[in-house]
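Q: Structure supplied as start12.cif; contents: mmCIF, C-alpha atoms.
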```cif
data_run
loop_
_atom_site.group_PDB
_atom_site.id
_atom_site.type_symbol
_atom_site.label_atom_id
_atom_site.label_comp_id
_atom_site.auth_asym_id
_atom_site.auth_seq_id
_atom_site.Cartn_x
_atom_site.Cartn_y
_atom_site.Cartn_z
ATOM 1 C CA MET V 1 -106.472 -56.838 -50.108
ATOM 2 C CA ASN V 2 -104.237 -56.232 -53.125
ATOM 3 C CA ASN V 3 -101.294 -55.232 -50.929
ATOM 4 C CA LYS V 4 -101.724 -58.359 -48.816
ATOM 5 C CA LYS V 5 -101.860 -60.537 -51.907
ATOM 6 C CA LYS V 6 -98.737 -58.902 -53.246
ATOM 7 C CA ILE V 7 -96.832 -59.682 -50.051
ATOM 8 C CA ILE V 8 -98.032 -63.277 -49.924
ATOM 9 C CA LEU V 9 -97.091 -63.967 -53.538
ATOM 10 C CA GLY V 10 -94.000 -61.781 -53.531
ATOM 11 C CA ASP V 11 -91.624 -64.696 -54.069
ATOM 12 C CA HIS V 12 -93.802 -66.311 -56.746
ATOM 13 C CA LYS V 13 -93.209 -65.991 -60.463
ATOM 14 C CA LYS V 14 -96.183 -65.060 -62.622
ATOM 15 C CA VAL V 15 -96.589 -67.100 -65.790
ATOM 16 C CA GLY V 16 -99.739 -66.065 -67.595
ATOM 17 C CA SER V 17 -102.504 -66.107 -65.005
ATOM 18 C CA LYS V 18 -100.653 -68.546 -62.724
ATOM 19 C CA PHE V 19 -98.258 -67.851 -59.859
ATOM 20 C CA ILE V 20 -95.358 -70.352 -59.687
ATOM 21 C CA PRO V 21 -93.963 -70.979 -56.157
ATOM 22 C CA PRO V 22 -90.171 -70.786 -55.549
ATOM 23 C CA MET V 23 -89.601 -74.558 -55.392
ATOM 24 C CA ALA V 24 -91.365 -75.068 -58.719
ATOM 25 C CA GLN V 25 -89.178 -72.360 -60.258
ATOM 26 C CA LEU V 26 -86.154 -74.573 -59.528
ATOM 27 C CA GLU V 27 -87.359 -76.974 -62.236
ATOM 28 C CA ILE V 28 -87.032 -80.016 -60.004
ATOM 29 C CA SER V 29 -88.788 -82.015 -62.713
ATOM 30 C CA ASP V 30 -85.585 -81.704 -64.741
ATOM 31 C CA ILE V 31 -83.882 -83.939 -62.185
ATOM 32 C CA SER V 32 -84.981 -87.554 -62.080
ATOM 33 C CA THR V 33 -84.097 -89.613 -59.023
ATOM 34 C CA ILE V 34 -83.995 -92.805 -61.063
ATOM 35 C CA ASN V 35 -82.435 -91.546 -64.280
ATOM 36 C CA GLN V 36 -79.861 -89.159 -62.842
ATOM 37 C CA ILE V 37 -79.305 -89.587 -59.106
ATOM 38 C CA PHE V 38 -79.609 -93.373 -58.808
ATOM 39 C CA PRO V 39 -76.567 -94.251 -60.989
ATOM 40 C CA GLU V 40 -74.492 -91.795 -58.948
ATOM 41 C CA ILE V 41 -75.184 -93.560 -55.649
ATOM 42 C CA ILE V 42 -75.717 -97.226 -56.528
ATOM 43 C CA TRP V 43 -72.069 -97.894 -55.609
ATOM 44 C CA MET V 44 -73.052 -97.316 -51.978
ATOM 45 C CA GLY V 45 -75.846 -99.843 -52.399
ATOM 46 C CA LEU V 46 -73.278 -102.435 -53.463
ATOM 47 C CA LEU V 47 -71.297 -101.719 -50.292
ATOM 48 C CA ASN V 48 -74.387 -102.003 -48.101
ATOM 49 C CA ASP V 49 -75.416 -105.276 -49.714
ATOM 50 C CA SER V 50 -71.926 -106.699 -49.281
ATOM 51 C CA TYR V 51 -71.258 -105.669 -45.694
ATOM 52 C CA GLY V 52 -74.517 -104.493 -44.131
ATOM 53 C CA TYR V 53 -75.557 -100.925 -43.384
ATOM 54 C CA ARG V 54 -73.065 -100.153 -40.623
ATOM 55 C CA GLU V 55 -69.944 -101.349 -42.418
ATOM 56 C CA GLY V 56 -71.180 -100.222 -45.834
ATOM 57 C CA ILE V 57 -71.847 -96.683 -44.636
ATOM 58 C CA HIS V 58 -68.509 -96.672 -42.842
ATOM 59 C CA LEU V 59 -66.651 -97.614 -46.044
ATOM 60 C CA SER V 60 -68.420 -95.054 -48.230
ATOM 61 C CA SER V 61 -67.871 -92.387 -45.575
ATOM 62 C CA GLU V 62 -64.172 -93.150 -45.230
ATOM 63 C CA ILE V 63 -63.401 -92.978 -48.944
ATOM 64 C CA ALA V 64 -65.432 -89.762 -49.159
ATOM 65 C CA LYS V 65 -63.529 -88.190 -46.260
ATOM 66 C CA LEU V 66 -60.167 -89.187 -47.708
ATOM 67 C CA ALA V 67 -61.125 -87.824 -51.133
ATOM 68 C CA HIS V 68 -62.410 -84.601 -49.609
ATOM 69 C CA ALA V 69 -59.144 -84.136 -47.701
ATOM 70 C CA ILE V 70 -57.016 -84.227 -50.856
ATOM 71 C CA HIS V 71 -59.210 -82.638 -53.537
ATOM 72 C CA ASP V 72 -58.209 -79.244 -54.944
ATOM 73 C CA SER V 73 -61.582 -77.714 -55.787
ATOM 74 C CA ASP V 74 -62.487 -74.444 -54.059
ATOM 75 C CA LYS V 75 -66.127 -75.509 -53.801
ATOM 76 C CA HIS V 76 -67.463 -78.219 -51.543
ATOM 77 C CA VAL V 77 -67.630 -81.538 -53.378
ATOM 78 C CA ASN V 78 -69.908 -84.332 -52.200
ATOM 79 C CA PHE V 79 -68.053 -87.594 -52.732
ATOM 80 C CA ALA V 80 -71.215 -89.618 -52.145
ATOM 81 C CA LEU V 81 -71.825 -89.008 -55.862
ATOM 82 C CA SER V 82 -69.543 -91.200 -57.928
ATOM 83 C CA SER V 83 -68.949 -88.545 -60.594
ATOM 84 C CA SER V 84 -67.443 -86.286 -57.940
ATOM 85 C CA TYR V 85 -64.298 -88.428 -58.102
ATOM 86 C CA GLU V 86 -63.686 -86.928 -61.545
ATOM 87 C CA TYR V 87 -62.618 -83.785 -59.696
ATOM 88 C CA LEU V 88 -59.487 -85.643 -58.607
ATOM 89 C CA SER V 89 -56.398 -85.479 -60.792
ATOM 90 C CA ASP V 90 -54.600 -88.709 -61.699
ATOM 91 C CA GLU V 91 -52.048 -87.922 -59.014
ATOM 92 C CA LYS V 92 -54.753 -87.390 -56.402
ATOM 93 C CA LYS V 93 -56.470 -90.625 -57.429
ATOM 94 C CA LYS V 94 -53.200 -92.483 -56.941
ATOM 95 C CA THR V 95 -52.814 -90.895 -53.510
ATOM 96 C CA LEU V 96 -56.368 -91.877 -52.592
ATOM 97 C CA VAL V 97 -55.770 -95.496 -53.613
ATOM 98 C CA GLU V 98 -52.614 -95.583 -51.508
ATOM 99 C CA GLU V 99 -54.472 -94.194 -48.490
ATOM 100 C CA LEU V 100 -57.284 -96.700 -48.914
ATOM 101 C CA GLU V 101 -54.800 -99.546 -49.101
ATOM 102 C CA ARG V 102 -52.959 -98.279 -46.027
ATOM 103 C CA ASN V 103 -56.231 -98.210 -44.091
ATOM 104 C CA ASN V 104 -57.275 -101.681 -45.312
ATOM 105 C CA TYR V 105 -60.295 -100.363 -47.226
ATOM 106 C CA LEU V 106 -59.156 -100.880 -50.806
ATOM 107 C CA VAL V 107 -59.780 -104.618 -51.158
ATOM 108 C CA LYS V 108 -63.270 -104.338 -49.684
ATOM 109 C CA LEU V 109 -64.136 -101.524 -52.090
ATOM 110 C CA GLN V 110 -62.720 -103.420 -55.071
ATOM 111 C CA LYS V 111 -64.641 -106.562 -54.185
ATOM 112 C CA SER V 112 -67.975 -104.769 -53.794
ATOM 113 C CA LEU V 113 -67.676 -102.396 -56.744
ATOM 114 C CA TYR V 114 -66.199 -104.998 -59.110
ATOM 115 C CA PRO V 115 -69.192 -105.229 -61.496
ATOM 116 C CA LEU V 116 -69.144 -101.464 -62.072
ATOM 117 C CA ILE V 117 -65.355 -101.247 -62.251
ATOM 118 C CA LYS V 118 -64.969 -104.229 -64.582
ATOM 119 C CA TYR V 119 -67.976 -104.081 -66.874
ATOM 120 C CA TYR V 120 -69.131 -100.443 -67.032
ATOM 121 C CA GLU V 121 -67.048 -98.163 -69.220
ATOM 122 C CA GLY V 122 -66.676 -94.674 -67.798
ATOM 123 C CA PHE V 123 -67.550 -95.558 -64.191
ATOM 124 C CA PRO V 124 -65.903 -92.638 -62.354
ATOM 125 C CA MET V 125 -64.401 -94.864 -59.643
ATOM 126 C CA THR V 126 -62.690 -97.347 -61.966
ATOM 127 C CA PHE V 127 -59.312 -95.981 -60.830
ATOM 128 C CA LEU V 128 -59.724 -98.088 -57.661
ATOM 129 C CA GLY V 129 -58.816 -101.150 -59.741
ATOM 130 C CA ASP V 130 -60.504 -104.533 -59.888
ATOM 131 C CA GLY V 131 -58.080 -106.308 -57.559
ATOM 132 C CA GLY V 132 -57.783 -109.260 -59.922
ATOM 133 C CA ILE V 133 -60.945 -110.841 -58.521
ATOM 134 C CA ALA V 134 -61.627 -114.224 -60.133
ATOM 135 C CA GLU V 135 -65.416 -114.386 -60.333
ATOM 136 C CA SER V 136 -67.529 -114.932 -63.431
ATOM 137 C CA LYS V 137 -69.138 -112.089 -65.318
ATOM 138 C CA ASP V 138 -72.564 -113.682 -64.885
ATOM 139 C CA PHE V 139 -72.124 -113.808 -61.113
ATOM 140 C CA GLN V 140 -71.060 -110.158 -60.958
ATOM 141 C CA ILE V 141 -73.860 -108.913 -63.211
ATOM 142 C CA GLN V 142 -76.446 -110.841 -61.197
ATOM 143 C CA LYS V 143 -74.998 -109.276 -58.063
ATOM 144 C CA LEU V 144 -75.406 -105.791 -59.527
ATOM 145 C CA LYS V 145 -78.929 -106.553 -60.738
ATOM 146 C CA LYS V 146 -79.964 -107.623 -57.246
ATOM 147 C CA THR V 147 -78.543 -104.416 -55.787
ATOM 148 C CA VAL V 148 -80.344 -102.299 -58.376
ATOM 149 C CA GLU V 149 -83.588 -104.113 -57.613
ATOM 150 C CA ARG V 150 -83.188 -103.644 -53.848
ATOM 151 C CA HIS V 151 -82.403 -99.924 -54.081
ATOM 152 C CA PHE V 152 -84.581 -98.897 -57.017
ATOM 153 C CA ASN V 153 -87.510 -97.777 -54.857
ATOM 154 C CA ARG V 154 -86.632 -94.540 -53.070
ATOM 155 C CA TYR V 155 -89.488 -95.101 -50.599
ATOM 156 C CA GLU V 156 -88.173 -98.414 -49.271
ATOM 157 C CA THR V 157 -85.411 -98.652 -46.662
ATOM 158 C CA PRO V 158 -82.435 -99.686 -48.881
ATOM 159 C CA GLY V 159 -83.130 -96.870 -51.345
ATOM 160 C CA VAL V 160 -83.701 -94.341 -48.579
ATOM 161 C CA ILE V 161 -80.433 -95.313 -46.886
ATOM 162 C CA ILE V 162 -78.241 -94.504 -49.889
ATOM 163 C CA LEU V 163 -80.090 -91.215 -50.407
ATOM 164 C CA ALA V 164 -79.511 -90.455 -46.728
ATOM 165 C CA ASN V 165 -75.829 -91.162 -47.177
ATOM 166 C CA VAL V 166 -75.657 -88.321 -49.693
ATOM 167 C CA VAL V 167 -76.756 -86.008 -46.877
ATOM 168 C CA TYR V 168 -74.584 -87.721 -44.246
ATOM 169 C CA ILE V 169 -71.396 -87.482 -46.303
ATOM 170 C CA ARG V 170 -72.022 -83.802 -47.005
ATOM 171 C CA ALA V 171 -72.451 -83.273 -43.271
ATOM 172 C CA ILE V 172 -69.295 -85.082 -42.125
ATOM 173 C CA THR V 173 -67.176 -83.235 -44.695
ATOM 174 C CA GLY V 174 -68.390 -79.841 -43.505
ATOM 175 C CA GLY V 175 -70.806 -78.986 -46.275
ATOM 176 C CA LEU V 176 -74.151 -79.160 -44.484
ATOM 177 C CA HIS V 177 -75.437 -76.043 -42.782
ATOM 178 C CA ILE V 178 -78.760 -76.239 -40.937
ATOM 179 C CA VAL V 179 -80.718 -73.030 -40.462
ATOM 180 C CA GLN V 180 -80.920 -72.073 -36.814
ATOM 181 C CA GLY V 181 -84.130 -73.316 -35.253
ATOM 182 C CA LEU V 182 -84.545 -76.245 -37.622
ATOM 183 C CA GLU V 183 -83.800 -79.786 -36.511
ATOM 184 C CA PRO V 184 -81.383 -81.781 -38.677
ATOM 185 C CA PRO V 185 -82.742 -85.043 -40.118
ATOM 186 C CA ASN V 186 -82.438 -87.981 -37.726
ATOM 187 C CA LEU V 187 -80.500 -90.304 -40.045
ATOM 188 C CA GLU V 188 -79.991 -92.895 -37.305
ATOM 189 C CA SER V 189 -83.746 -93.561 -37.239
ATOM 190 C CA LEU V 190 -83.636 -94.898 -40.808
ATOM 191 C CA VAL V 191 -81.551 -97.852 -39.639
ATOM 192 C CA SER V 192 -82.670 -98.288 -36.021
ATOM 193 C CA ASP V 193 -86.444 -97.876 -36.502
ATOM 194 C CA PRO V 194 -87.340 -97.493 -40.206
ATOM 195 C CA GLU V 195 -91.104 -97.817 -39.645
ATOM 196 C CA SER V 196 -91.305 -95.023 -37.058
ATOM 197 C CA ASP V 197 -92.854 -91.629 -37.720
ATOM 198 C CA GLU V 198 -89.428 -90.080 -37.136
ATOM 199 C CA ALA V 199 -87.898 -92.283 -39.823
ATOM 200 C CA LYS V 200 -90.667 -91.475 -42.294
ATOM 201 C CA LYS V 201 -90.169 -87.767 -41.677
ATOM 202 C CA THR V 202 -86.418 -88.153 -42.116
ATOM 203 C CA ALA V 203 -86.890 -90.170 -45.322
ATOM 204 C CA ALA V 204 -88.931 -87.341 -46.837
ATOM 205 C CA GLN V 205 -86.209 -84.876 -45.841
ATOM 206 C CA VAL V 206 -83.359 -86.863 -47.370
ATOM 207 C CA ARG V 207 -85.250 -87.435 -50.631
ATOM 208 C CA SER V 208 -85.645 -83.684 -50.971
ATOM 209 C CA MET V 209 -82.085 -82.888 -49.861
ATOM 210 C CA ALA V 210 -80.559 -85.469 -52.218
ATOM 211 C CA MET V 211 -82.546 -83.926 -55.067
ATOM 212 C CA MET V 212 -81.211 -80.494 -54.200
ATOM 213 C CA GLU V 213 -77.690 -81.946 -54.011
ATOM 214 C CA ALA V 214 -77.928 -83.213 -57.567
ATOM 215 C CA MET V 215 -79.315 -79.892 -58.759
ATOM 216 C CA SER V 216 -76.503 -77.914 -57.160
ATOM 217 C CA GLY V 217 -73.717 -80.008 -58.708
ATOM 218 C CA ASP V 218 -71.470 -79.107 -61.614
ATOM 219 C CA LYS V 219 -73.493 -80.452 -64.540
ATOM 220 C CA GLU V 220 -70.470 -80.491 -66.821
ATOM 221 C CA LYS V 221 -68.426 -82.446 -64.296
ATOM 222 C CA SER V 222 -70.920 -84.829 -62.762
ATOM 223 C CA GLY V 223 -74.275 -86.479 -63.127
ATOM 224 C CA SER V 224 -75.719 -86.516 -66.609
ATOM 225 C CA ALA V 225 -72.962 -88.242 -68.633
ATOM 226 C CA TRP V 226 -72.324 -91.167 -66.281
ATOM 227 C CA SER V 227 -75.992 -91.551 -65.370
ATOM 228 C CA GLN V 228 -77.072 -91.859 -68.982
ATOM 229 C CA SER V 229 -74.161 -94.167 -69.733
ATOM 230 C CA PHE V 230 -75.044 -96.424 -66.793
ATOM 231 C CA TRP V 231 -78.552 -97.120 -68.064
ATOM 232 C CA ASN V 232 -77.496 -97.406 -71.713
ATOM 233 C CA GLN V 233 -74.721 -99.878 -70.904
ATOM 234 C CA GLY V 234 -77.019 -101.847 -68.647
ATOM 235 C CA LEU V 235 -79.340 -102.527 -71.546
ATOM 236 C CA LYS V 236 -76.440 -103.867 -73.596
ATOM 237 C CA ILE V 237 -74.879 -105.951 -70.834
ATOM 238 C CA ASP V 238 -78.026 -107.760 -69.788
ATOM 239 C CA LYS V 239 -81.748 -107.562 -70.394
ATOM 240 C CA CYS V 240 -83.803 -105.564 -67.920
ATOM 241 C CA GLU V 241 -86.274 -107.662 -65.944
ATOM 242 C CA PHE V 242 -87.880 -106.655 -62.668
#
```
Using C-alpha coordinates, write down the structure that the file contains.
A:
Amino acid sequence: MNNKKKIILGDHKKVGSKFIPPMAQLEISDISTINQIFPEIIWMGLLNDSYGYREGIHLSSEIAKLAHAIHDSDKHVNFALSSSYEYLSDEKKKTLVEELERNNYLVKLQKSLYPLIKYYEGFPMTFLGDGGIAESKDFQIQKLKKTVERHFNRYETPGVIILANVVYIRAITGGLHIVQGLEPPNLESLVSDPESDEAKKTAAQVRSMAMMEAMSGDKEKSGSAWSQSFWNQGLKIDKCEF
(Lines of atoms letter the chains of each structure in order from A and count residues from 1; the text may use other names and numbers.)
(Lines give C-alpha, C1' and ligand atoms only; values in the text may rest on other atoms or scores of the structure.)
Protein backbone atom coordinates (compact mmCIF):
# COMPACT_ATOMS: atom_id res chain seq x y z
CA MET A 1 0.00 0.00 0.00
CA ASN A 2 2.77 2.45 0.91
CA ASN A 3 4.65 1.75 -2.33
CA LYS A 4 1.49 2.30 -4.36
CA LYS A 5 0.80 5.56 -2.57
CA LYS A 6 4.34 6.70 -3.19
CA ILE A 7 3.99 6.09 -6.93
CA ILE A 8 0.63 7.83 -7.14
CA LEU A 9 1.84 10.92 -5.29
CA GLY A 10 5.34 10.85 -6.74
CA ASP A 11 4.91 14.14 -8.59
CA HIS A 12 3.22 15.88 -5.65
CA LYS A 13 4.97 18.21 -3.25
CA LYS A 14 4.44 17.61 0.45
CA VAL A 15 3.71 20.71 2.51
CA GLY A 16 3.03 19.75 6.10
CA SER A 17 0.47 16.96 5.98
CA LYS A 18 -0.82 17.97 2.53
CA PHE A 19 0.29 16.82 -0.91
CA ILE A 20 0.26 19.63 -3.52
CA PRO A 21 -0.40 18.49 -7.13
CA PRO A 22 1.92 19.67 -9.96
CA MET A 23 -0.47 22.29 -11.37
CA ALA A 24 -0.91 23.89 -7.95
CA GLN A 25 2.88 24.03 -7.56
CA LEU A 26 2.96 26.37 -10.58
CA GLU A 27 1.33 29.07 -8.44
CA ILE A 28 -1.33 29.83 -11.02
CA SER A 29 -3.02 32.02 -8.42
CA ASP A 30 -0.17 34.48 -8.93
CA ILE A 31 -1.49 35.13 -12.43
CA SER A 32 -4.80 36.94 -12.70
CA THR A 33 -6.66 36.80 -15.99
CA ILE A 34 -8.25 40.18 -15.37
CA ASN A 35 -5.37 42.03 -13.72
CA GLN A 36 -2.50 40.72 -15.82
CA ILE A 37 -3.61 38.95 -19.00
CA PHE A 38 -6.60 41.11 -19.96
CA PRO A 39 -4.65 44.37 -20.54
CA GLU A 40 -2.23 42.43 -22.75
CA ILE A 41 -4.94 41.25 -25.14
CA ILE A 42 -7.63 43.95 -25.06
CA TRP A 43 -6.10 45.44 -28.24
CA MET A 44 -7.43 42.40 -30.10
CA GLY A 45 -10.86 43.07 -28.63
CA LEU A 46 -10.77 46.56 -30.14
CA LEU A 47 -10.00 45.02 -33.54
CA ASN A 48 -12.82 42.49 -33.22
CA ASP A 49 -15.30 45.17 -32.20
CA SER A 50 -14.27 47.37 -35.10
CA TYR A 51 -14.22 44.80 -37.88
CA GLY A 52 -15.91 41.62 -36.64
CA TYR A 53 -14.24 38.37 -35.63
CA ARG A 54 -12.98 37.28 -39.04
CA GLU A 55 -11.32 40.54 -40.03
CA GLY A 56 -10.24 41.36 -36.48
CA ILE A 57 -8.49 38.01 -36.05
CA HIS A 58 -6.95 38.38 -39.49
CA LEU A 59 -5.47 41.79 -38.59
CA SER A 60 -4.07 40.67 -35.23
CA SER A 61 -2.64 37.54 -36.85
CA GLU A 62 -0.97 39.47 -39.66
CA ILE A 63 0.78 41.97 -37.42
CA ALA A 64 1.88 39.11 -35.16
CA LYS A 65 3.30 37.14 -38.10
CA LEU A 66 5.14 40.17 -39.45
CA ALA A 67 6.57 40.96 -36.01
CA HIS A 68 7.60 37.35 -35.50
CA ALA A 69 9.39 37.32 -38.86
CA ILE A 70 11.63 40.26 -37.96
CA HIS A 71 12.23 39.89 -34.21
CA ASP A 72 15.72 38.98 -32.99
CA SER A 73 14.96 37.01 -29.83
CA ASP A 74 16.19 33.41 -29.70
CA LYS A 75 13.07 32.33 -27.82
CA HIS A 76 9.60 32.13 -29.27
CA VAL A 77 7.69 35.35 -28.65
CA ASN A 78 3.90 35.44 -28.74
CA PHE A 79 2.89 38.72 -30.35
CA ALA A 80 -0.72 38.28 -29.25
CA LEU A 81 0.48 39.90 -26.01
CA SER A 82 0.99 43.61 -26.51
CA SER A 83 4.08 43.77 -24.30
CA SER A 84 5.82 41.33 -26.64
CA TYR A 85 6.31 44.23 -29.06
CA GLU A 86 8.83 45.63 -26.59
CA TYR A 87 11.18 42.91 -27.84
CA LEU A 88 11.47 44.84 -31.09
CA SER A 89 14.20 47.45 -31.45
CA ASP A 90 13.30 50.91 -32.74
CA GLU A 91 14.63 49.88 -36.13
CA LYS A 92 12.51 46.73 -36.16
CA LYS A 93 9.43 48.71 -35.12
CA LYS A 94 10.00 51.08 -38.03
CA THR A 95 10.32 48.10 -40.38
CA LEU A 96 7.11 46.61 -39.01
CA VAL A 97 5.21 49.87 -39.54
CA GLU A 98 6.47 50.03 -43.12
CA GLU A 99 5.37 46.44 -43.78
CA LEU A 100 1.94 47.10 -42.28
CA GLU A 101 1.52 50.17 -44.45
CA ARG A 102 2.63 48.27 -47.55
CA ASN A 103 0.03 45.59 -46.84
CA ASN A 104 -2.73 48.15 -46.14
CA TYR A 105 -3.09 47.12 -42.49
CA LEU A 106 -1.63 50.16 -40.75
CA VAL A 107 -4.59 52.54 -41.01
CA LYS A 108 -7.03 49.91 -39.78
CA LEU A 109 -4.82 49.17 -36.78
CA GLN A 110 -4.36 52.86 -35.99
CA LYS A 111 -8.09 53.52 -36.18
CA SER A 112 -9.02 50.63 -33.88
CA LEU A 113 -6.22 51.02 -31.34
CA TYR A 114 -6.42 54.83 -31.22
CA PRO A 115 -7.72 55.12 -27.62
CA LEU A 116 -4.82 53.04 -26.30
CA ILE A 117 -2.24 54.68 -28.55
CA LYS A 118 -3.41 58.23 -27.84
CA TYR A 119 -4.48 58.21 -24.21
CA TYR A 120 -2.55 55.42 -22.46
CA GLU A 121 1.06 56.20 -21.64
CA GLY A 122 3.35 53.21 -22.05
CA PHE A 123 1.06 51.18 -24.32
CA PRO A 124 3.61 48.88 -25.99
CA MET A 125 2.12 49.33 -29.47
CA THR A 126 2.13 53.14 -29.50
CA PHE A 127 4.88 53.04 -32.15
CA LEU A 128 2.13 52.29 -34.71
CA GLY A 129 1.15 55.97 -34.54
CA ASP A 130 -2.28 57.53 -34.19
CA GLY A 131 -2.75 58.33 -37.87
CA GLY A 132 -3.94 61.84 -37.08
CA ILE A 133 -7.49 60.62 -36.46
CA ALA A 134 -9.84 63.51 -35.69
CA GLU A 135 -12.27 62.07 -33.16
CA SER A 136 -13.02 63.39 -29.69
CA LYS A 137 -11.41 61.98 -26.58
CA ASP A 138 -14.83 61.23 -25.09
CA PHE A 139 -15.82 59.20 -28.14
CA GLN A 140 -12.59 57.19 -28.04
CA ILE A 141 -12.75 56.52 -24.30
CA GLN A 142 -16.38 55.40 -24.58
CA LYS A 143 -15.32 53.09 -27.39
CA LEU A 144 -12.63 51.53 -25.21
CA LYS A 145 -15.01 51.21 -22.26
CA LYS A 146 -17.50 49.31 -24.39
CA THR A 147 -14.77 46.95 -25.57
CA VAL A 148 -13.58 46.36 -22.01
CA GLU A 149 -17.15 45.64 -20.93
CA ARG A 150 -17.73 43.20 -23.81
CA HIS A 151 -14.50 41.26 -23.22
CA PHE A 152 -14.22 41.42 -19.44
CA ASN A 153 -15.93 38.07 -18.85
CA ARG A 154 -13.62 35.24 -19.91
CA TYR A 155 -16.57 32.83 -20.01
CA GLU A 156 -18.53 34.76 -22.64
CA THR A 157 -17.77 34.54 -26.36
CA PRO A 158 -15.96 37.89 -26.92
CA GLY A 159 -13.62 37.26 -23.99
CA VAL A 160 -13.03 33.65 -25.00
CA ILE A 161 -12.20 34.70 -28.57
CA ILE A 162 -9.32 36.98 -27.59
CA LEU A 163 -7.96 34.33 -25.22
CA ALA A 164 -8.19 31.83 -28.07
CA ASN A 165 -6.25 34.20 -30.28
CA VAL A 166 -3.34 33.96 -27.86
CA VAL A 167 -3.24 30.24 -28.63
CA TYR A 168 -3.92 30.70 -32.36
CA ILE A 169 -1.11 33.22 -32.85
CA ARG A 170 1.34 30.97 -31.02
CA ALA A 171 0.30 28.14 -33.33
CA ILE A 172 0.63 30.02 -36.63
CA THR A 173 4.07 31.33 -35.67
CA GLY A 174 5.37 27.84 -34.91
CA GLY A 175 5.32 27.91 -31.14
CA LEU A 176 2.55 25.45 -30.34
CA HIS A 177 3.44 21.80 -29.98
CA ILE A 178 0.65 19.32 -29.24
CA VAL A 179 1.57 16.06 -27.53
CA GLN A 180 1.00 13.11 -29.81
CA GLY A 181 -2.38 11.54 -29.20
CA LEU A 182 -4.00 14.73 -27.94
CA GLU A 183 -6.41 16.69 -30.10
CA PRO A 184 -5.66 20.39 -30.57
CA PRO A 185 -8.39 22.81 -29.46
CA ASN A 186 -11.04 23.39 -32.12
CA LEU A 187 -10.78 27.19 -32.25
CA GLU A 188 -13.16 27.43 -35.21
CA SER A 189 -16.01 26.16 -33.02
CA LEU A 190 -15.79 29.28 -30.82
CA VAL A 191 -16.96 31.41 -33.74
CA SER A 192 -19.09 28.98 -35.76
CA ASP A 193 -21.01 27.34 -32.89
CA PRO A 194 -20.15 28.96 -29.53
CA GLU A 195 -22.92 27.16 -27.60
CA SER A 196 -21.84 23.66 -28.66
CA ASP A 197 -20.18 21.16 -26.35
CA GLU A 198 -17.11 21.31 -28.58
CA ALA A 199 -16.89 25.08 -28.16
CA LYS A 200 -17.29 24.84 -24.39
CA LYS A 201 -14.51 22.26 -24.24
CA THR A 202 -12.30 24.44 -26.42
CA ALA A 203 -13.05 27.52 -24.29
CA ALA A 204 -11.84 25.69 -21.18
CA GLN A 205 -8.68 24.68 -23.04
CA VAL A 206 -7.84 28.18 -24.25
CA ARG A 207 -8.42 29.71 -20.81
CA SER A 208 -5.88 27.30 -19.38
CA MET A 209 -3.43 27.67 -22.27
CA ALA A 210 -3.59 31.48 -22.18
CA MET A 211 -2.85 31.34 -18.45
CA MET A 212 0.18 29.16 -19.09
CA GLU A 213 1.29 31.55 -21.84
CA ALA A 214 1.33 34.45 -19.42
CA MET A 215 3.21 32.40 -16.84
CA SER A 216 5.89 31.37 -19.32
CA GLY A 217 6.62 34.92 -20.50
CA ASP A 218 9.57 37.11 -19.61
CA LYS A 219 8.24 38.89 -16.52
CA GLU A 220 10.82 41.66 -16.81
CA LYS A 221 9.92 42.29 -20.44
CA SER A 222 6.18 41.80 -20.54
CA GLY A 223 3.01 41.62 -18.53
CA SER A 224 3.15 43.14 -15.09
CA ALA A 225 4.27 46.73 -15.81
CA TRP A 226 1.85 47.48 -18.66
CA SER A 227 -1.00 45.55 -17.06
CA GLN A 228 -0.78 47.49 -13.82
CA SER A 229 -0.38 50.75 -15.71
CA PHE A 230 -3.45 50.03 -17.84
CA TRP A 231 -5.76 49.71 -14.84
CA ASN A 232 -4.17 52.60 -12.94
CA GLN A 233 -4.45 54.95 -15.92
CA GLY A 234 -8.00 53.84 -16.57
CA LEU A 235 -9.04 55.03 -13.15
CA LYS A 236 -7.55 58.45 -13.85
CA ILE A 237 -8.91 58.81 -17.37
CA ASP A 238 -12.50 57.96 -16.56
CA LYS A 239 -14.51 56.55 -13.69
CA CYS A 240 -15.13 52.82 -13.67
CA GLU A 241 -18.79 51.88 -14.04
CA PHE A 242 -20.09 48.50 -15.14
Q: Ranking V:Leu116, V:Val107, V:Ala80, V:Leu88 by minimum distance to V:Ile37 and counting all atoms listed in the file, which one comes first?
A: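 Closest to V:Ile37, using all atoms listed in the file: V:Ala80.
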Q: I need the residue nearest V:Lys236 from this list: V:Gln36, V:Tyr119, V:Arg54, V:Ala214. Use all atoms listed in the file for the distance.
A: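 Among the listed residues, the smallest separation from V:Lys236 belongs to V:Tyr119.
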Q: Might you spell out which residues the PyMOL selection byres ((chain V and resi 41) around 8) would select in the displayed file, as an mmCIF file with C-alpha atoms, keeping the file's coordinate frame?
A:
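Output (out25.cif):
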```cif
data_model
loop_
_atom_site.group_PDB
_atom_site.id
_atom_site.type_symbol
_atom_site.label_atom_id
_atom_site.label_comp_id
_atom_site.auth_asym_id
_atom_site.auth_seq_id
_atom_site.Cartn_x
_atom_site.Cartn_y
_atom_site.Cartn_z
ATOM 1 C CA ILE V 37 -79.305 -89.587 -59.106
ATOM 2 C CA PHE V 38 -79.609 -93.373 -58.808
ATOM 3 C CA PRO V 39 -76.567 -94.251 -60.989
ATOM 4 C CA GLU V 40 -74.492 -91.795 -58.948
ATOM 5 C CA ILE V 42 -75.717 -97.226 -56.528
ATOM 6 C CA TRP V 43 -72.069 -97.894 -55.609
ATOM 7 C CA MET V 44 -73.052 -97.316 -51.978
ATOM 8 C CA GLY V 45 -75.846 -99.843 -52.399
ATOM 9 C CA ALA V 80 -71.215 -89.618 -52.145
ATOM 10 C CA LEU V 81 -71.825 -89.008 -55.862
ATOM 11 C CA SER V 82 -69.543 -91.200 -57.928
ATOM 12 C CA ILE V 162 -78.241 -94.504 -49.889
ATOM 13 C CA LEU V 163 -80.090 -91.215 -50.407
ATOM 14 C CA VAL V 166 -75.657 -88.321 -49.693
#
```
Q: Enumerate, as a PyMOL selection string, the residues matched when the PyMOL selection byres ((chain V and resi 98-101) around 12) is run on the file above.
A: chain V and resi 59-67+69-70+91-97+102-110+127-129+131
Q: Kindly indicate which residue among V:Thr202, V:Tyr168, V:Ser227, V:His71 lies nearest to V:Gly122, using all atoms listed in the file for the distances.
A: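 When distances to V:Gly122 are compared using all atoms listed in the file, the smallest one comes from V:Ser227.
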Q: Can you work out the spacing between atom CA of V:Gly56 and atom CA of V:Thr147 in Å, to one decimal?
A: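 Between atom CA of V:Gly56 and atom CA of V:Thr147 the gap is 13.1 Å.
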Q: Would you mind telling me which residue in V:Ala204, V:Ile133, V:Leu235, V:Val160 lies nearest to V:Tyr53 when using all atoms listed in the file?
A: V:Val160
